[in-house]
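**Student:** This is the content of structure-v3.cif (mmCIF, C-alpha atoms):
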```cif
data_final
#
loop_
_atom_site.label_atom_id
_atom_site.label_comp_id
_atom_site.auth_asym_id
_atom_site.auth_seq_id
_atom_site.Cartn_x
_atom_site.Cartn_y
_atom_site.Cartn_z
CA MET A 1 101.33 118.28 55.44
CA ASP A 2 100.69 121.55 57.30
CA GLU A 3 97.07 120.55 57.86
CA ALA A 4 98.13 117.18 59.32
CA ARG A 5 100.54 118.94 61.70
CA LYS A 6 97.86 121.40 62.87
CA LEU A 7 95.36 118.61 63.47
CA ASN A 8 97.94 116.63 65.44
CA GLN A 9 98.82 119.65 67.58
CA SER A 10 95.14 120.24 68.34
CA LYS A 11 94.84 116.53 69.34
CA ASN A 12 92.56 115.72 66.42
CA TYR A 13 94.55 112.53 65.93
CA GLU A 14 92.14 110.62 63.71
CA GLU A 15 91.93 113.27 61.00
CA SER A 16 95.64 113.90 61.25
CA LEU A 17 96.25 110.16 60.83
CA ASN A 18 94.07 110.02 57.71
CA ILE A 19 96.03 112.83 56.06
CA TYR A 20 99.42 111.36 56.96
CA GLU A 21 98.39 107.96 55.59
CA SER A 22 97.17 109.55 52.35
CA LEU A 23 100.51 111.30 52.01
CA LEU A 24 102.40 108.06 52.63
CA ASP A 25 100.22 106.21 50.10
CA SER A 26 101.10 108.84 47.49
CA GLY A 27 104.82 108.27 48.10
CA GLU A 28 105.42 111.36 50.24
CA GLU A 29 108.52 111.23 52.46
CA LEU A 30 107.89 112.31 56.07
CA LYS A 31 110.41 114.41 57.94
CA PRO A 32 111.49 113.10 61.40
CA ILE A 33 109.12 115.49 63.19
CA ASP A 34 106.21 114.29 61.06
CA ARG A 35 107.18 110.68 61.65
CA ASP A 36 106.84 111.35 65.37
CA ARG A 37 103.45 113.02 64.92
CA TYR A 38 102.25 110.18 62.73
CA ALA A 39 103.41 107.69 65.38
CA TRP A 40 101.38 109.51 68.04
CA ASP A 41 98.36 109.54 65.72
CA LEU A 42 98.65 105.77 65.30
CA TYR A 43 99.05 105.25 69.03
CA PHE A 44 96.01 107.28 70.08
CA VAL A 45 93.70 106.13 67.28
CA LYS A 46 94.58 102.46 66.71
CA ILE A 47 96.72 101.23 69.62
CA LYS A 48 96.03 102.84 73.00
CA ASP A 49 92.53 101.41 73.59
CA ASN A 50 92.57 98.56 71.09
CA GLN A 51 92.06 95.11 72.64
CA PHE A 52 91.90 93.10 69.40
CA THR A 53 95.30 91.43 69.25
CA ASP A 54 95.62 90.97 65.47
CA GLU A 55 94.55 94.54 64.72
CA LEU A 56 96.82 95.82 67.45
CA GLU A 57 99.85 93.95 66.12
CA GLU A 58 99.31 95.27 62.60
CA SER A 59 99.15 98.84 63.90
CA VAL A 60 102.25 98.41 66.04
CA LYS A 61 104.13 96.93 63.07
CA LYS A 62 103.17 99.99 61.04
CA LEU A 63 104.32 102.29 63.86
CA ILE A 64 107.76 100.75 64.35
CA LYS A 65 108.43 100.99 60.61
CA ILE A 66 108.03 104.76 60.73
CA SER A 67 109.31 105.45 64.25
CA THR A 68 112.17 104.48 66.57
CA GLN A 69 112.52 103.97 70.31
CA LYS A 70 113.51 107.17 72.10
CA ASP A 71 115.87 107.17 75.06
CA THR A 72 113.59 108.05 78.01
CA SER A 73 115.91 106.73 80.72
CA ARG A 74 116.85 110.15 82.10
CA GLY A 75 113.46 111.78 82.35
CA ASN A 76 109.74 111.15 82.25
CA LYS A 77 109.20 111.82 78.55
CA VAL A 78 106.97 109.31 76.78
CA CYS A 79 107.55 107.55 73.50
CA PRO A 80 104.75 106.08 71.28
CA TYR A 81 107.10 103.32 70.08
CA THR A 82 107.78 102.21 73.67
CA LEU A 83 104.18 102.47 74.85
CA SER A 84 102.92 100.49 71.87
CA VAL A 85 105.39 97.62 72.18
CA LEU A 86 104.87 97.36 75.95
CA LYS A 87 101.10 97.20 75.46
CA LEU A 88 101.44 94.40 72.94
CA MET A 89 103.80 92.51 75.27
CA LYS A 90 101.29 92.82 78.11
CA ILE A 91 98.40 91.51 76.03
CA TYR A 92 100.42 88.55 74.76
CA SER A 93 101.49 87.78 78.33
CA GLU A 94 97.85 87.78 79.47
CA GLU A 95 97.07 85.41 76.60
CA LYS A 96 100.02 83.23 77.65
CA ARG A 97 101.61 83.60 74.20
CA TYR A 98 105.08 83.83 75.65
CA LEU A 99 107.06 83.43 72.44
CA ASP A 100 105.18 86.45 71.09
CA VAL A 101 106.04 88.36 74.27
CA LEU A 102 109.72 87.68 73.63
CA ARG A 103 109.42 88.47 69.92
CA TRP A 104 108.24 91.95 70.79
CA ALA A 105 110.58 92.33 73.76
CA SER A 106 113.42 92.07 71.25
CA LYS A 107 112.17 95.34 69.69
CA LEU A 108 113.02 97.28 72.86
CA ASP A 109 116.27 98.28 74.55
CA GLY A 110 115.64 97.94 78.28
CA GLU A 111 118.34 100.46 79.13
CA LYS A 112 116.49 103.20 77.21
CA LEU A 113 113.30 102.76 79.23
CA SER A 114 112.17 105.13 81.96
CA ASN A 115 112.47 104.32 85.67
CA ILE A 116 109.80 106.89 86.57
CA HIS A 117 106.79 105.61 88.52
CA PHE A 118 103.47 107.14 87.43
CA LYS A 119 101.02 108.12 90.20
CA PRO A 120 97.45 108.56 88.92
CA ASN A 121 96.43 109.43 92.51
CA ASP A 122 97.80 109.41 96.05
CA GLU A 123 96.88 105.76 96.62
CA ILE A 124 98.15 104.15 93.43
CA THR A 125 101.66 103.96 92.00
CA MET A 126 102.20 102.34 88.60
CA ASN A 127 105.28 100.37 87.58
CA SER A 128 107.90 102.14 85.53
CA ASN A 129 108.25 101.17 81.88
CA ARG A 130 111.56 99.51 82.66
CA GLU A 131 109.98 97.39 85.40
CA ASN A 132 107.14 96.31 83.10
CA TYR A 133 109.58 95.38 80.36
CA TYR A 134 111.69 93.18 82.63
CA LEU A 135 108.67 91.70 84.43
CA GLN A 136 107.05 90.60 81.17
CA THR A 137 110.31 89.40 79.63
CA THR A 138 111.45 87.33 82.62
CA LYS A 139 108.00 85.82 83.09
CA ALA A 140 107.97 84.72 79.46
CA LEU A 141 111.50 83.30 79.65
CA LEU A 142 110.59 81.33 82.78
CA GLU A 143 107.39 79.99 81.23
CA ILE A 144 109.22 78.66 78.15
CA GLU A 145 111.80 77.10 80.51
CA ASN A 146 114.74 79.18 79.28
CA TYR A 147 116.22 79.28 82.78
CA ASP A 148 119.68 80.61 81.92
CA GLN A 149 118.24 83.66 80.16
CA THR A 150 115.69 84.13 82.96
CA ILE A 151 118.54 84.47 85.43
CA ILE A 152 120.46 86.87 83.18
CA TYR A 153 117.49 89.19 82.61
CA CYS A 154 116.41 89.10 86.26
CA GLN A 155 119.93 90.05 87.31
CA LYS A 156 119.88 92.90 84.78
CA ALA A 157 116.63 94.14 86.32
CA LEU A 158 118.02 94.00 89.85
CA VAL A 159 121.06 96.01 88.77
CA ASN A 160 119.41 98.51 86.42
CA ILE A 161 116.23 99.42 88.29
CA PRO A 162 117.11 101.84 91.12
CA LYS A 163 113.75 101.72 92.92
CA PHE A 164 111.08 99.02 92.70
CA ASN A 165 107.34 99.49 92.89
CA ASN A 166 105.31 97.14 95.12
CA ASP A 167 108.39 95.06 95.99
CA ASN A 168 108.82 93.96 92.37
CA ASP A 169 112.42 93.04 93.15
CA ILE A 170 111.02 90.03 95.00
CA TRP A 171 109.53 88.67 91.76
CA PHE A 172 112.89 88.87 90.03
CA LYS A 173 114.63 87.12 92.95
CA LEU A 174 111.91 84.46 93.01
CA ARG A 175 112.31 83.80 89.28
CA ILE A 176 116.06 83.43 89.78
CA ALA A 177 115.42 80.98 92.63
CA LYS A 178 112.98 78.97 90.51
CA SER A 179 115.42 78.89 87.60
CA TYR A 180 118.29 77.70 89.77
CA LYS A 181 116.03 74.97 91.19
CA GLU A 182 115.10 73.77 87.70
CA LEU A 183 118.76 73.82 86.67
CA GLY A 184 119.67 71.68 89.68
CA ASN A 185 121.55 74.47 91.47
CA TYR A 186 119.66 73.89 94.70
CA ASP A 187 122.05 75.73 97.02
CA ASP A 188 121.86 78.90 94.93
CA SER A 189 118.08 78.62 94.83
CA ILE A 190 117.94 78.26 98.61
CA GLU A 191 120.10 81.35 99.12
CA PHE A 192 117.81 83.51 97.00
CA LEU A 193 114.75 82.16 98.80
CA LYS A 194 116.33 82.95 102.17
CA ASP A 195 116.84 86.52 101.03
CA ILE A 196 113.20 86.81 99.94
CA LEU A 197 111.99 85.27 103.21
CA LYS A 198 113.52 88.14 105.15
CA ASN A 199 110.68 90.35 103.93
CA ARG A 200 107.96 88.01 102.70
CA GLN A 201 106.36 84.92 104.19
CA ASN A 202 104.25 83.12 101.62
CA TRP A 203 103.32 79.48 101.32
CA PHE A 204 104.80 79.15 97.82
CA LEU A 205 108.21 80.27 99.13
CA TYR A 206 108.05 77.51 101.74
CA ARG A 207 107.04 75.09 98.98
CA ASP A 208 110.09 75.96 96.91
CA MET A 209 112.34 75.57 99.95
CA ALA A 210 110.79 72.15 100.62
CA GLU A 211 111.38 71.03 97.03
CA ASN A 212 114.99 72.23 97.01
CA HIS A 213 115.80 70.33 100.20
CA PHE A 214 113.99 67.24 98.90
CA PHE A 215 116.13 67.21 95.74
CA LYS A 216 119.22 67.54 97.97
CA GLU A 217 117.91 64.52 99.94
CA GLU A 218 117.74 66.67 103.07
CA TYR A 219 114.48 65.10 104.09
CA ASP A 220 114.10 66.51 107.59
CA GLU A 221 114.45 70.07 106.30
CA SER A 222 112.10 69.33 103.42
CA LEU A 223 109.49 67.99 105.85
CA LYS A 224 109.58 71.14 107.94
CA TRP A 225 109.24 73.51 104.99
CA ALA A 226 106.47 71.43 103.37
CA ALA A 227 104.47 71.38 106.61
CA LYS A 228 105.05 75.12 106.97
CA ALA A 229 103.66 75.63 103.46
CA ILE A 230 100.56 73.58 104.30
CA LEU A 231 99.92 75.47 107.56
CA ALA A 232 100.60 78.94 106.14
CA LYS A 233 97.58 81.25 106.39
CA ASP A 234 97.79 82.31 102.75
CA GLY A 235 96.88 80.00 99.89
CA GLU A 236 94.05 77.48 99.63
CA LEU A 237 94.58 73.85 100.64
CA GLU A 238 93.91 72.66 97.11
CA SER A 239 96.79 74.85 95.89
CA LYS A 240 99.07 72.99 98.29
CA VAL A 241 98.01 69.52 97.16
CA ASN A 242 101.49 68.48 96.01
CA MET A 243 102.92 69.24 99.46
CA PHE A 244 100.84 66.39 100.93
CA SER A 245 102.25 64.06 98.28
CA LEU A 246 105.79 65.26 99.01
CA ILE A 247 105.39 64.71 102.75
CA GLY A 248 103.89 61.29 102.09
CA ASP A 249 106.92 60.30 100.00
CA ILE A 250 109.39 61.54 102.64
CA LEU A 251 107.61 59.80 105.50
CA GLU A 252 107.59 56.59 103.45
CA ILE A 253 111.34 56.93 102.96
CA LYS A 254 111.79 57.51 106.71
CA GLY A 255 109.67 54.49 107.59
CA PHE A 256 106.60 56.27 109.01
CA GLU A 257 104.05 54.19 107.14
CA ASP A 258 100.80 55.29 108.80
CA GLU A 259 101.63 59.00 108.63
CA SER A 260 102.72 58.57 105.01
CA ILE A 261 99.35 57.04 104.10
CA ILE A 262 97.44 59.87 105.80
CA ASN A 263 99.27 62.43 103.66
CA LYS A 264 98.77 60.43 100.49
CA TYR A 265 95.09 60.10 101.37
CA MET A 266 94.85 63.85 101.88
CA TYR A 267 96.40 64.31 98.44
CA TYR A 268 93.85 61.83 97.02
CA VAL A 269 90.78 63.41 98.65
CA ILE A 270 91.66 66.90 97.40
CA ARG A 271 92.12 65.63 93.85
CA ASN A 272 88.96 63.57 94.11
CA ASP A 273 86.95 66.63 95.18
CA LYS A 274 88.35 68.75 92.34
CA GLY A 275 87.87 66.05 89.71
CA TRP A 276 91.61 65.94 88.96
CA SER A 277 93.29 62.83 87.59
CA ILE A 278 94.51 60.22 90.08
CA LYS A 279 96.86 57.35 89.32
CA ASP A 280 95.44 53.83 89.67
CA GLU A 281 98.44 52.81 91.79
CA LEU A 282 97.45 55.35 94.46
CA LYS A 283 93.82 54.21 94.38
CA ASP A 284 94.90 50.59 94.86
CA LEU A 285 97.26 51.53 97.71
CA LEU A 286 94.61 53.46 99.63
CA SER A 287 91.98 50.80 98.95
CA ASN A 288 94.23 48.21 100.57
CA TYR A 289 94.16 50.33 103.75
CA GLY A 290 90.37 50.33 103.72
CA LEU A 291 90.09 54.07 103.12
CA ASP A 292 86.93 55.60 101.62
CA LEU A 293 87.73 56.38 97.99
CA GLU A 294 84.47 58.34 97.63
CA ASN A 295 85.55 60.88 100.26
CA LYS A 296 85.73 64.50 99.05
CA ASP A 297 85.70 66.29 102.42
CA TYR A 298 89.37 67.24 102.57
CA LYS A 299 88.73 70.19 104.91
CA SER A 300 87.42 67.94 107.69
CA LEU A 301 90.27 65.51 107.08
CA PHE A 302 92.74 68.38 107.41
CA GLU A 303 91.28 69.50 110.74
CA GLU A 304 91.35 65.91 112.04
CA TYR A 305 95.07 65.52 111.42
CA LYS A 306 96.20 69.15 111.73
CA ASN A 307 98.33 68.42 114.79
CA MET A 308 100.39 66.00 112.73
CA TRP A 309 101.44 68.77 110.32
CA ILE A 310 102.15 71.07 113.26
CA SER A 311 104.48 68.41 114.67
CA LEU A 312 106.18 68.02 111.29
CA LYS A 313 106.67 71.78 111.01
CA TYR A 314 108.84 71.59 114.14
CA PHE A 315 110.25 68.16 113.35
CA GLY A 316 113.30 67.34 115.48
CA GLN A 317 112.83 70.33 117.79
CA GLU A 318 111.98 70.07 121.50
CA ARG A 319 109.47 72.45 123.04
CA GLN A 320 110.96 75.22 125.13
CA TYR A 321 109.61 76.35 128.51
CA GLY A 322 109.68 79.85 129.91
CA VAL A 323 107.78 82.83 131.28
CA ILE A 324 106.24 85.83 129.53
CA ASP A 325 108.63 88.58 130.55
CA LYS A 326 107.19 91.56 128.68
CA VAL A 327 103.93 92.43 126.90
CA PHE A 328 103.92 95.71 125.00
CA ASP A 329 101.17 98.24 125.71
CA HIS A 330 99.46 97.58 122.37
CA GLY A 331 99.12 93.91 123.39
CA LYS A 332 100.18 92.55 120.00
CA SER A 333 103.64 91.25 120.96
CA GLY A 334 106.17 90.85 123.72
CA PHE A 335 109.09 88.77 124.99
CA ILE A 336 109.39 85.35 126.63
CA LYS A 337 112.32 84.60 128.92
CA ALA A 338 113.70 81.05 128.83
CA ASN A 339 117.09 79.53 129.62
CA GLY A 340 118.59 82.96 130.24
CA LYS A 341 117.50 84.30 126.82
CA SER A 342 114.65 86.50 125.59
CA TYR A 343 112.56 85.54 122.59
CA TYR A 344 110.21 87.88 120.76
CA PHE A 345 106.67 86.65 120.13
CA ASN A 346 103.49 87.83 118.40
CA THR A 347 100.26 87.42 120.34
CA TYR A 348 98.61 85.58 117.44
CA GLU A 349 101.07 82.73 118.10
CA PHE A 350 99.42 82.18 121.53
CA MET A 351 97.23 79.12 120.99
CA ASP A 352 95.27 79.30 124.28
CA ASP A 353 92.92 81.94 125.67
CA LYS A 354 94.49 85.33 124.92
CA SER A 355 93.51 86.56 128.39
CA TYR A 356 96.54 84.61 129.68
CA VAL A 357 98.91 86.82 127.72
CA TYR A 358 100.37 88.81 130.59
CA GLU A 359 103.71 89.07 132.35
CA GLY A 360 104.45 86.06 134.55
CA THR A 361 102.47 83.47 132.58
CA GLU A 362 104.36 80.18 132.27
CA VAL A 363 104.40 78.97 128.69
CA SER A 364 105.84 76.37 126.31
CA PHE A 365 106.80 77.17 122.73
CA TYR A 366 108.84 76.29 119.69
CA LEU A 367 111.52 78.45 118.08
CA GLU A 368 111.40 79.69 114.50
CA ASP A 369 113.89 81.63 112.38
CA ALA A 370 112.92 85.25 111.71
CA TYR A 371 114.58 88.34 110.27
CA ASN A 372 115.14 91.39 112.46
CA LYS A 373 115.08 94.36 110.08
CA SER A 374 116.36 96.90 112.58
CA LYS A 375 119.44 94.77 113.35
CA ASP A 376 119.72 93.22 109.87
CA GLU A 377 120.19 89.75 111.32
CA MET A 378 118.42 86.43 111.68
CA VAL A 379 116.94 85.74 115.13
CA LYS A 380 114.84 83.09 116.87
CA ASN A 381 111.22 83.96 117.69
CA ALA A 382 108.84 82.08 119.98
CA VAL A 383 105.93 80.45 118.11
CA ASN A 384 103.12 77.93 118.72
CA ILE A 385 102.84 79.12 122.30
CA TYR A 386 100.73 77.36 124.93
CA CYS A 387 99.95 78.33 128.50
CA GLU A 388 101.39 75.87 131.05
CA MET A 389 99.30 77.22 133.96
CA LEU A 390 95.97 75.75 132.83
#
```
Represent the structure from my file as structure tokens, please.

**Tutor:**
Amino acid sequence: MDEARKLNQSKNYEESLNIYESLLDSGEELKPIDRDRYAWDLYFVKIKDNQFTDELEESVKKLIKISTQKDTSRGNKVCPYTLSVLKLMKIYSEEKRYLDVLRWASKLDGEKLSNIHFKPNDEITMNSNRENYYLQTTKALLEIENYDQTIIYCQKALVNIPKFNNDNDIWFKLRIAKSYKELGNYDDSIEFLKDILKNRQNWFLYRDMAENHFFKEEYDESLKWAAKAILAKDGELESKVNMFSLIGDILEIKGFEDESIINKYMYYVIRNDKGWSIKDELKDLLSNYGLDLENKDYKSLFEEYKNMWISLKYFGQERQYGVIDKVFDHGKSGFIKANGKSYYFNTYEFMDDKSYVYEGTEVSFYLEDAYNKSKDEMVKNAVNIYCEML
């Protein structure tokens, strides 16, 4: 026993582990301090760098029989029990074995986990153990469609994690929004998405807004959000394929037959290029319109009809007219004055030659909701700006 302790203290974990296991095999009872040392031996020798899932699980099972989870919530102490279970959860999550993730999540008490962020260097900050636990657990719950529990655990995370790494709070809010949408609580889902959109603008957030409004039969709003998702700079067009189908369905409902067919054709061409399944009914419909069913060039098709999606993005809104009133010295933004009001704009929203971005230029533009962080309020910004002096 003394030899095992000395080897452990000198970080000779493998030899220490061999002695401890021999003692256990002979029926020796380990004191609590030796149980802890044995747990660390197991972690460093058979768990820390092990990527073979079955071997890893057997070692973690052995560890949790001899050890218990320590309360590390008030400091940055580490616990082999916690590290081992979290590693196993991560691997099962990567393998998409979500029931196994939850099986092992049940071995941990989230409130005993540390909130300390580890910084291996000045440029990288790692999630706290508590964040990783809730991120893996809520992802697994969402994937197995246990939406009620997803909401509960995400809310626990938002309450019990004082500071989030890399805006991880957004993932918890997004999972709540998705769960509410799947449960049919569309208004609650929309409210959570609005909160996320104050700080993040991603195409998949617009997609979820579009779907919520569609299920509420608020078709004009759904159209705008779906078009915004399609036109967003992030995300590939093929990832947005279902947005073209959604817009096609809405335009059909609203009686815009030609525009509906264009969107359904876009949906078809993307799927045709990727070799994804396509329903015969859609093939027959598009064939009746004389469209080329061999077409796979969805990027050219998108550019040809891009203005249609721009119009849908601002569906029901009239263009505003005004004058550039202020351009900041850095040239990246400014203000447009129109109808006695000032609207902030970013230069990248100027669609014509950027050399016309100067004070006094007459312009037309649309308005878009935006969040002003300094004032903590929603405002209207000028977007899709064109010069009216050309």

**Student:** Evaluate the PyMOL selection byres ((chain A and resi 363) around 9) against this structure - the residues, as number ranges by chain, please.

**Tutor:** A: 320-324, 336, 361-362, 364-365, 385-389

**Student:** Interatomic distance between CA of Tyr219 in chain A and CA of Arg200 in chain A?

**Tutor:**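 Taking CA of Tyr219 in chain A and CA of Arg200 in chain A, their separation equals 23.9 Å.
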
**Student:** For Met209 in chain A, work out the shell of residues within 8 Å, counting only C-alpha atoms and skipping chain neighbours fewer than 3 positions away, then give it as a VMD selection string.

**Tutor:** chain A and resid 190 193 205 to 206 212 to 213 222 225 to 226

**Student:** One decimal, in Å: what's the spacing between CA of Asp325 in chain A and CA of Ser342 in chain A?

**Tutor:**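 Atom-to-atom, CA of Asp325 in chain A and CA of Ser342 in chain A are spaced 8.1 Å apart.
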
**Student:** Just checking: using only C-alpha atoms, which residue out of A:Met378, A:Leu282, A:Val383, A:Ile144 ends up closest to Thr347 in chain A?

**Tutor:**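 The closest residue to Thr347 in chain A is A:Val383.
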
**Student:** What separation in Å, quoted to one decimal, exists between CA of Thr125 in chain A and CA of Asn166 in chain A?

**Tutor:**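 CA of Asn166 in chain A lies 8.3 Å from CA of Thr125 in chain A.
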
**Student:** Name the residues captured by the PyMOL selection byres ((chain A and resi 82) around 9) when it is applied to the shown file; answer as a JSON list (two decimals) with C-alpha atoms, in the frame of the given file.

**Tutor:**
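Output file part17.json follows:
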```json
[["chain", "number", "residue", "atom", "x", "y", "z"],
["A", 68, "THR", "CA", 112.17, 104.48, 66.57],
["A", 69, "GLN", "CA", 112.52, 103.97, 70.31],
["A", 70, "LYS", "CA", 113.51, 107.17, 72.10],
["A", 78, "VAL", "CA", 106.97, 109.31, 76.78],
["A", 79, "CYS", "CA", 107.55, 107.55, 73.50],
["A", 80, "PRO", "CA", 104.75, 106.08, 71.28],
["A", 81, "TYR", "CA", 107.10, 103.32, 70.08],
["A", 83, "LEU", "CA", 104.18, 102.47, 74.85],
["A", 84, "SER", "CA", 102.92, 100.49, 71.87],
["A", 85, "VAL", "CA", 105.39, 97.62, 72.18],
["A", 86, "LEU", "CA", 104.87, 97.36, 75.95],
["A", 87, "LYS", "CA", 101.10, 97.20, 75.46],
["A", 108, "LEU", "CA", 113.02, 97.28, 72.86],
["A", 113, "LEU", "CA", 113.30, 102.76, 79.23],
["A", 129, "ASN", "CA", 108.25, 101.17, 81.88]]
```

**Student:** Can you give me, as a list of chain:residue names, the residues this file yields under the PyMOL selection byres ((chain A and resi 236-253) around 7)?

**Tutor:**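 Checking the PyMOL selection byres ((chain A and resi 236-253) around 7) against this file, the residues are A:Tyr219, A:Leu223, A:Ala226, A:Ile230, A:Asp234, A:Gly235, A:Lys254, A:Gly255, A:Phe256, A:Glu257, A:Glu259, A:Ser260, A:Ile261, A:Asn263, A:Lys264, A:Met266, A:Tyr267, A:Ile270.
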
**Student:** Using all atoms listed in the file, give me every residue within 10 Å of (95.7, 93.1, 74.7) in file coordinates, as a PDB file with C-alpha atoms, in the coordinates of the input.

**Tutor:**
```
ATOM      1  CA  ILE A  47      96.720 101.230  69.620  1.00  0.00           C
ATOM      2  CA  LYS A  48      96.030 102.840  73.000  1.00  0.00           C
ATOM      3  CA  ASP A  49      92.530 101.410  73.590  1.00  0.00           C
ATOM      4  CA  ASN A  50      92.570  98.560  71.090  1.00  0.00           C
ATOM      5  CA  GLN A  51      92.060  95.110  72.640  1.00  0.00           C
ATOM      6  CA  PHE A  52      91.900  93.100  69.400  1.00  0.00           C
ATOM      7  CA  THR A  53      95.300  91.430  69.250  1.00  0.00           C
ATOM      8  CA  ASP A  54      95.620  90.970  65.470  1.00  0.00           C
ATOM      9  CA  LEU A  56      96.820  95.820  67.450  1.00  0.00           C
ATOM     10  CA  GLU A  57      99.850  93.950  66.120  1.00  0.00           C
ATOM     11  CA  LYS A  87     101.100  97.200  75.460  1.00  0.00           C
ATOM     12  CA  LEU A  88     101.440  94.400  72.940  1.00  0.00           C
ATOM     13  CA  MET A  89     103.800  92.510  75.270  1.00  0.00           C
ATOM     14  CA  LYS A  90     101.290  92.820  78.110  1.00  0.00           C
ATOM     15  CA  ILE A  91      98.400  91.510  76.030  1.00  0.00           C
ATOM     16  CA  TYR A  92     100.420  88.550  74.760  1.00  0.00           C
ATOM     17  CA  SER A  93     101.490  87.780  78.330  1.00  0.00           C
ATOM     18  CA  GLU A  94      97.850  87.780  79.470  1.00  0.00           C
ATOM     19  CA  GLU A  95      97.070  85.410  76.600  1.00  0.00           C
TER      20      GLU A  95
END
```

**Student:** Counting all atoms listed in the file, which residues sit no farther than 12 Å from the position (111.7, 98.4, 86.8) in the file's frame? I'd like them as number ranges by chain.

**Tutor:** A: 73, 110-117, 126-138, 153-172

**Student:** Considering all atoms listed in the file, can you say which of A:Ser333, A:Ser26, A:Asn339, A:Ser355 comes closest to Asn381 in chain A?

**Tutor:**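 The answer is A:Ser333, which sits nearest to Asn381 in chain A.
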
**Student:** Return the single residue from A:Tyr13, A:Tyr366, A:Tyr186, A:Trp276 that is closest to Tyr344 in chain A, with distances computed using all atoms listed in the file.

**Tutor:**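 Among the listed residues, the smallest separation from Tyr344 in chain A belongs to A:Tyr366.
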
**Student:** Could you name the residues that touch Glu3 in chain A at 10 Å or less, counting all atoms listed in the file, but leaving out those on the same chain fewer than 6 positions away, as a list in words?

**Tutor:** Gln9, Glu15, Ser16, Ile19 and Tyr20 of chain A

**Student:** Go through A:Asn199, A:Asn384, A:Lys119, A:Arg35 and flag the residue nearest Met351 in chain A, using only C-alpha atoms for the distances.

**Tutor:**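 So, comparing all the options, the nearest one is A:Asn384.
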
**Student:** Excluding Phe315 in chain A and residues on its chain fewer than 2 positions from it, collect all residues at most 10 Å away from it, counting all atoms listed in the file, and give them as a ChimeraX atom specification.

**Tutor:** /A:220-221,223-225,227,309-313,317-318

**Student:** With all atoms listed in the file as the basis for distance, which of A:Ile124, A:Val327, A:Ile262, A:Val269 is at the shortest distance from Gly360 in chain A?

**Tutor:**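 Selected residue with least distance to Gly360 in chain A: A:Val327.
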